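Q: Sharing a structure with you now.
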Amino acid sequence: MKLKFTKMHGAGNDFVVIDAIHQHIDFTPAQWQLLADRRFGVGADQMLVVEKPQADNVDFRYRIYNADGGEVEQCGNGARAFVKFVTDKGLTDKRQIRVQTMSGIIEPKLESDGRITVDMGAPILAPAEVPFDARNLAGQALGDDIAWPLEIHGKQVLMSVVSMGNPHAVQVVDDSEAAPVLTDGPAIEHHPRFPKRVNAGFMQVIDRHQIKLRVFERGAGETLACGTGACAAVVAGIRRGLLDSPVKVQTHGGELSIAWAGNNRPVLMTGPAVSVFEGEIEIGAAG
Ligand SMILES: N[C@@H](CCC[C@H](N)C(=O)O)C(=O)O
């Protein structure tokens, strides 16, 4: 079939965005992998699918596939691209929409300066829900559930485990540029403590309102920015007493602003969304 798509990015985290309201989509993991492939396909960290809602109180359903072809619960940078896409395509005239995802409803809002703020919902901190296997670690936790020691390549690393609908393990590093993102990232992603794998964040604190962040994403490798990773890092930093809201998050692809009032309050993420080009690709029975 011929698939129409828009290539987009949010702070350099790039996407193939697909209107599945006017096109029938039913791809295998191998076909998603082909779309994401930077040599044989279009190239993207994630594919974002816009569908009709499946409930009365929401405007759209938003589905997310990682470059490895796996469907995942949440994508923050993608949520901003999603809003720009449905607005540019005339699929809605609302400036604030309610979007159903695999992990619940999020509420993105188009700001007057063109940036987009997304209410990402409250973070989930209980390890059992991340999911994170914390058995036998309880006695060693730093404070209640703020950070856990994990062995990575023979080193003990303190990880804060935060879910933004999808799982994140965040560590504090002295210098994010020198951090072992490409070597430790895959070991953290596949650590047996994370039965659904995990996104690995490496956060350098600049001051109480500013961090640098690199994320080795589950199913995609290191990306230029990770929206849910930025939310998780700020939540972890505030809970560890290192940061105060709001926090500017510098990534290799641009800057995000994250605000969190604590406890069960939602995390608000603000940042850009850019359309790069429109395209059409023939998708055969890959794999
Ligand atoms: N890039 C994303 C997160 C995409 C999903 C993630 N790789 C996962 O597997 O959970 C973001 O901006 O949040």
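If you're wondering about the labels, chains in the structure tokens are A, B, ... by order shown, residues count from 1 in each chain, ligands from 1 in order shown.
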Using only C-alpha atoms, what does the table of stretch 89-188 of chain A residues within 10 Å of stretch 206-215 of chain A look like, with each row giving the shortest atom pair and its distance in Å to one decimal, sorted by chain and ascending number, as a tab-separated table?

A:
residue	atom	partner	partner_atom	distance
A:His168	CA	A:Val215	CA	9.4
A:Ala169	CA	A:Val215	CA	9.7
A:Val170	CA	A:Val215	CA	8.8
A:Val172	CA	A:Leu213	CA	9.5
A:Val173	CA	A:Leu213	CA	9.5
A:Asp174	CA	A:Ile206	CA	9.5
A:Asp175	CA	A:Lys212	CA	8.6
A:Ser176	CA	A:Leu213	CA	6.6
A:Glu177	CA	A:Arg214	CA	8.3
A:Ala179	CA	A:Arg214	CA	8.7
A:Val181	CA	A:Arg214	CA	7.4
A:Leu182	CA	A:Val215	CA	9.6
A:Gly185	CA	A:Val215	CA	8.0

Q: Hey, what does DSSP flag as strand (DSSP E) within stretch 100-266 of chain A? Can you give it to me as a PyMOL selection string?

A: chain A and resi 100-101+104-110+116-119+148-152+155-163+167-172+199-207+210-217+221-223+247-251+254-260

Q: How close does chain A get to ligand 1? List, as JSON lines, each residue of chain A within 10 Å, its nearest atom pair and the distance in Å to one decimal, counting only C-alpha atoms and all ligand atoms.

A:
{"residue": "A:His9", "atom": "CA", "partner": "ligand 1", "partner_atom_place_in_ligand_line": "12 (O)", "distance": 9.8}
{"residue": "A:Gly10", "atom": "CA", "partner": "ligand 1", "partner_atom_place_in_ligand_line": "12 (O)", "distance": 7.8}
{"residue": "A:Ala11", "atom": "CA", "partner": "ligand 1", "partner_atom_place_in_ligand_line": "12 (O)", "distance": 9.1}
{"residue": "A:Gly12", "atom": "CA", "partner": "ligand 1", "partner_atom_place_in_ligand_line": "1 (N)", "distance": 9.7}
{"residue": "A:Asn13", "atom": "CA", "partner": "ligand 1", "partner_atom_place_in_ligand_line": "1 (N)", "distance": 6.1}
{"residue": "A:Asp14", "atom": "CA", "partner": "ligand 1", "partner_atom_place_in_ligand_line": "1 (N)", "distance": 8.2}
{"residue": "A:Phe15", "atom": "CA", "partner": "ligand 1", "partner_atom_place_in_ligand_line": "1 (N)", "distance": 9.0}
{"residue": "A:Asp45", "atom": "CA", "partner": "ligand 1", "partner_atom_place_in_ligand_line": "1 (N)", "distance": 7.1}
{"residue": "A:Gln46", "atom": "CA", "partner": "ligand 1", "partner_atom_place_in_ligand_line": "4 (C)", "distance": 6.6}
{"residue": "A:Met47", "atom": "CA", "partner": "ligand 1", "partner_atom_place_in_ligand_line": "4 (C)", "distance": 9.4}
{"residue": "A:Leu48", "atom": "CA", "partner": "ligand 1", "partner_atom_place_in_ligand_line": "4 (C)", "distance": 9.9}
{"residue": "A:Ile64", "atom": "CA", "partner": "ligand 1", "partner_atom_place_in_ligand_line": "5 (C)", "distance": 7.3}
{"residue": "A:Tyr65", "atom": "CA", "partner": "ligand 1", "partner_atom_place_in_ligand_line": "5 (C)", "distance": 7.6}
{"residue": "A:Asn66", "atom": "CA", "partner": "ligand 1", "partner_atom_place_in_ligand_line": "7 (N)", "distance": 6.0}
{"residue": "A:Ala67", "atom": "CA", "partner": "ligand 1", "partner_atom_place_in_ligand_line": "7 (N)", "distance": 8.4}
{"residue": "A:Asp68", "atom": "CA", "partner": "ligand 1", "partner_atom_place_in_ligand_line": "9 (O)", "distance": 9.4}
{"residue": "A:Gly70", "atom": "CA", "partner": "ligand 1", "partner_atom_place_in_ligand_line": "9 (O)", "distance": 8.0}
{"residue": "A:Glu71", "atom": "CA", "partner": "ligand 1", "partner_atom_place_in_ligand_line": "9 (O)", "distance": 8.0}
{"residue": "A:Val72", "atom": "CA", "partner": "ligand 1", "partner_atom_place_in_ligand_line": "9 (O)", "distance": 5.6}
{"residue": "A:Glu73", "atom": "CA", "partner": "ligand 1", "partner_atom_place_in_ligand_line": "10 (O)", "distance": 6.5}
{"residue": "A:Gln74", "atom": "CA", "partner": "ligand 1", "partner_atom_place_in_ligand_line": "5 (C)", "distance": 5.8}
{"residue": "A:Cys75", "atom": "CA", "partner": "ligand 1", "partner_atom_place_in_ligand_line": "13 (O)", "distance": 3.5}
{"residue": "A:Gly76", "atom": "CA", "partner": "ligand 1", "partner_atom_place_in_ligand_line": "13 (O)", "distance": 3.7}
{"residue": "A:Asn77", "atom": "CA", "partner": "ligand 1", "partner_atom_place_in_ligand_line": "12 (O)", "distance": 3.8}
{"residue": "A:Gly78", "atom": "CA", "partner": "ligand 1", "partner_atom_place_in_ligand_line": "12 (O)", "distance": 5.7}
{"residue": "A:Ala79", "atom": "CA", "partner": "ligand 1", "partner_atom_place_in_ligand_line": "12 (O)", "distance": 7.8}
{"residue": "A:Arg80", "atom": "CA", "partner": "ligand 1", "partner_atom_place_in_ligand_line": "12 (O)", "distance": 9.1}
{"residue": "A:Ala81", "atom": "CA", "partner": "ligand 1", "partner_atom_place_in_ligand_line": "12 (O)", "distance": 9.9}
{"residue": "A:Met120", "atom": "CA", "partner": "ligand 1", "partner_atom_place_in_ligand_line": "13 (O)", "distance": 9.9}
{"residue": "A:Ser163", "atom": "CA", "partner": "ligand 1", "partner_atom_place_in_ligand_line": "10 (O)", "distance": 9.2}
{"residue": "A:Met164", "atom": "CA", "partner": "ligand 1", "partner_atom_place_in_ligand_line": "13 (O)", "distance": 8.5}
{"residue": "A:Gly165", "atom": "CA", "partner": "ligand 1", "partner_atom_place_in_ligand_line": "10 (O)", "distance": 8.1}
{"residue": "A:Asn166", "atom": "CA", "partner": "ligand 1", "partner_atom_place_in_ligand_line": "10 (O)", "distance": 4.7}
{"residue": "A:Pro167", "atom": "CA", "partner": "ligand 1", "partner_atom_place_in_ligand_line": "10 (O)", "distance": 6.0}
{"residue": "A:His168", "atom": "CA", "partner": "ligand 1", "partner_atom_place_in_ligand_line": "10 (O)", "distance": 7.6}
{"residue": "A:Glu189", "atom": "CA", "partner": "ligand 1", "partner_atom_place_in_ligand_line": "9 (O)", "distance": 9.5}
{"residue": "A:Lys196", "atom": "CA", "partner": "ligand 1", "partner_atom_place_in_ligand_line": "9 (O)", "distance": 9.2}
{"residue": "A:Arg197", "atom": "CA", "partner": "ligand 1", "partner_atom_place_in_ligand_line": "9 (O)", "distance": 8.0}
{"residue": "A:Val198", "atom": "CA", "partner": "ligand 1", "partner_atom_place_in_ligand_line": "10 (O)", "distance": 6.8}
{"residue": "A:Asn199", "atom": "CA", "partner": "ligand 1", "partner_atom_place_in_ligand_line": "10 (O)", "distance": 6.1}
{"residue": "A:Ala200", "atom": "CA", "partner": "ligand 1", "partner_atom_place_in_ligand_line": "7 (N)", "distance": 9.5}
{"residue": "A:Val215", "atom": "CA", "partner": "ligand 1", "partner_atom_place_in_ligand_line": "1 (N)", "distance": 8.9}
{"residue": "A:Phe216", "atom": "CA", "partner": "ligand 1", "partner_atom_place_in_ligand_line": "7 (N)", "distance": 8.2}
{"residue": "A:Glu217", "atom": "CA", "partner": "ligand 1", "partner_atom_place_in_ligand_line": "7 (N)", "distance": 4.5}
{"residue": "A:Arg218", "atom": "CA", "partner": "ligand 1", "partner_atom_place_in_ligand_line": "9 (O)", "distance": 4.3}
{"residue": "A:Gly219", "atom": "CA", "partner": "ligand 1", "partner_atom_place_in_ligand_line": "9 (O)", "distance": 5.6}
{"residue": "A:Ala220", "atom": "CA", "partner": "ligand 1", "partner_atom_place_in_ligand_line": "7 (N)", "distance": 5.9}
{"residue": "A:Gly221", "atom": "CA", "partner": "ligand 1", "partner_atom_place_in_ligand_line": "7 (N)", "distance": 8.0}
{"residue": "A:Glu222", "atom": "CA", "partner": "ligand 1", "partner_atom_place_in_ligand_line": "7 (N)", "distance": 9.3}
{"residue": "A:Thr223", "atom": "CA", "partner": "ligand 1", "partner_atom_place_in_ligand_line": "1 (N)", "distance": 7.2}
{"residue": "A:Leu224", "atom": "CA", "partner": "ligand 1", "partner_atom_place_in_ligand_line": "1 (N)", "distance": 8.9}
{"residue": "A:Ala225", "atom": "CA", "partner": "ligand 1", "partner_atom_place_in_ligand_line": "12 (O)", "distance": 6.6}
{"residue": "A:Cys226", "atom": "CA", "partner": "ligand 1", "partner_atom_place_in_ligand_line": "12 (O)", "distance": 3.7}
{"residue": "A:Gly227", "atom": "CA", "partner": "ligand 1", "partner_atom_place_in_ligand_line": "12 (O)", "distance": 3.5}
{"residue": "A:Thr228", "atom": "CA", "partner": "ligand 1", "partner_atom_place_in_ligand_line": "13 (O)", "distance": 3.6}
{"residue": "A:Gly229", "atom": "CA", "partner": "ligand 1", "partner_atom_place_in_ligand_line": "13 (O)", "distance": 5.9}
{"residue": "A:Ala230", "atom": "CA", "partner": "ligand 1", "partner_atom_place_in_ligand_line": "13 (O)", "distance": 7.8}
{"residue": "A:Cys231", "atom": "CA", "partner": "ligand 1", "partner_atom_place_in_ligand_line": "13 (O)", "distance": 8.4}
{"residue": "A:Ala232", "atom": "CA", "partner": "ligand 1", "partner_atom_place_in_ligand_line": "13 (O)", "distance": 9.5}

Q: May I have all residues of stretch 62-283 of chain A that DSSP, computed from the backbone, assigns to alpha helix (DSSP H), given as a count of residues only?

A: 35

Q: With only C-alpha atoms as the counted atoms, please give the residues lying no more than 12 Å from A:Asp26, apart from itself and same-chain residues fewer than 2 positions off, as a PDB file with C-alpha atoms, in the first residue's frame.

A:
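Okay, this is what ended up in selection-v3.pdb:
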ATOM      1  CA  MET A   1       0.000   0.000   0.000  1.00  0.00           C
ATOM      2  CA  LEU A   3       1.178   5.438   2.873  1.00  0.00           C
ATOM      3  CA  ILE A  18       0.321   9.046  10.106  1.00  0.00           C
ATOM      4  CA  ALA A  20      -5.127   6.666  10.412  1.00  0.00           C
ATOM      5  CA  GLN A  23      -6.006   5.649   5.856  1.00  0.00           C
ATOM      6  CA  HIS A  24      -6.251   2.053   6.982  1.00  0.00           C
ATOM      7  CA  THR A  28       3.548  -5.659  11.463  1.00  0.00           C
ATOM      8  CA  PRO A  29       6.562  -4.845  13.675  1.00  0.00           C
ATOM      9  CA  ALA A  30       8.804  -5.442  10.608  1.00  0.00           C
ATOM     10  CA  GLN A  31       6.870  -2.813   8.612  1.00  0.00           C
ATOM     11  CA  TRP A  32       7.195  -0.275  11.464  1.00  0.00           C
ATOM     12  CA  VAL A  49      -0.585   7.271  14.645  1.00  0.00           C
ATOM     13  CA  ILE A 283       4.941  -0.272   2.174  1.00  0.00           C
ATOM     14  CA  GLY A 284       5.222  -3.872   1.047  1.00  0.00           C
ATOM     15  CA  ALA A 285       5.076  -6.971   3.218  1.00  0.00           C
TER      16      ALA A 285
END

Q: Choose the residue, out of A:Val234, A:Val161, A:Ala261, A:Val16, that has the smallest atom-to-atom separation from A:Phe85; count only C-alpha atoms.

A: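 Selected residue with least distance to A:Phe85: A:Val16.
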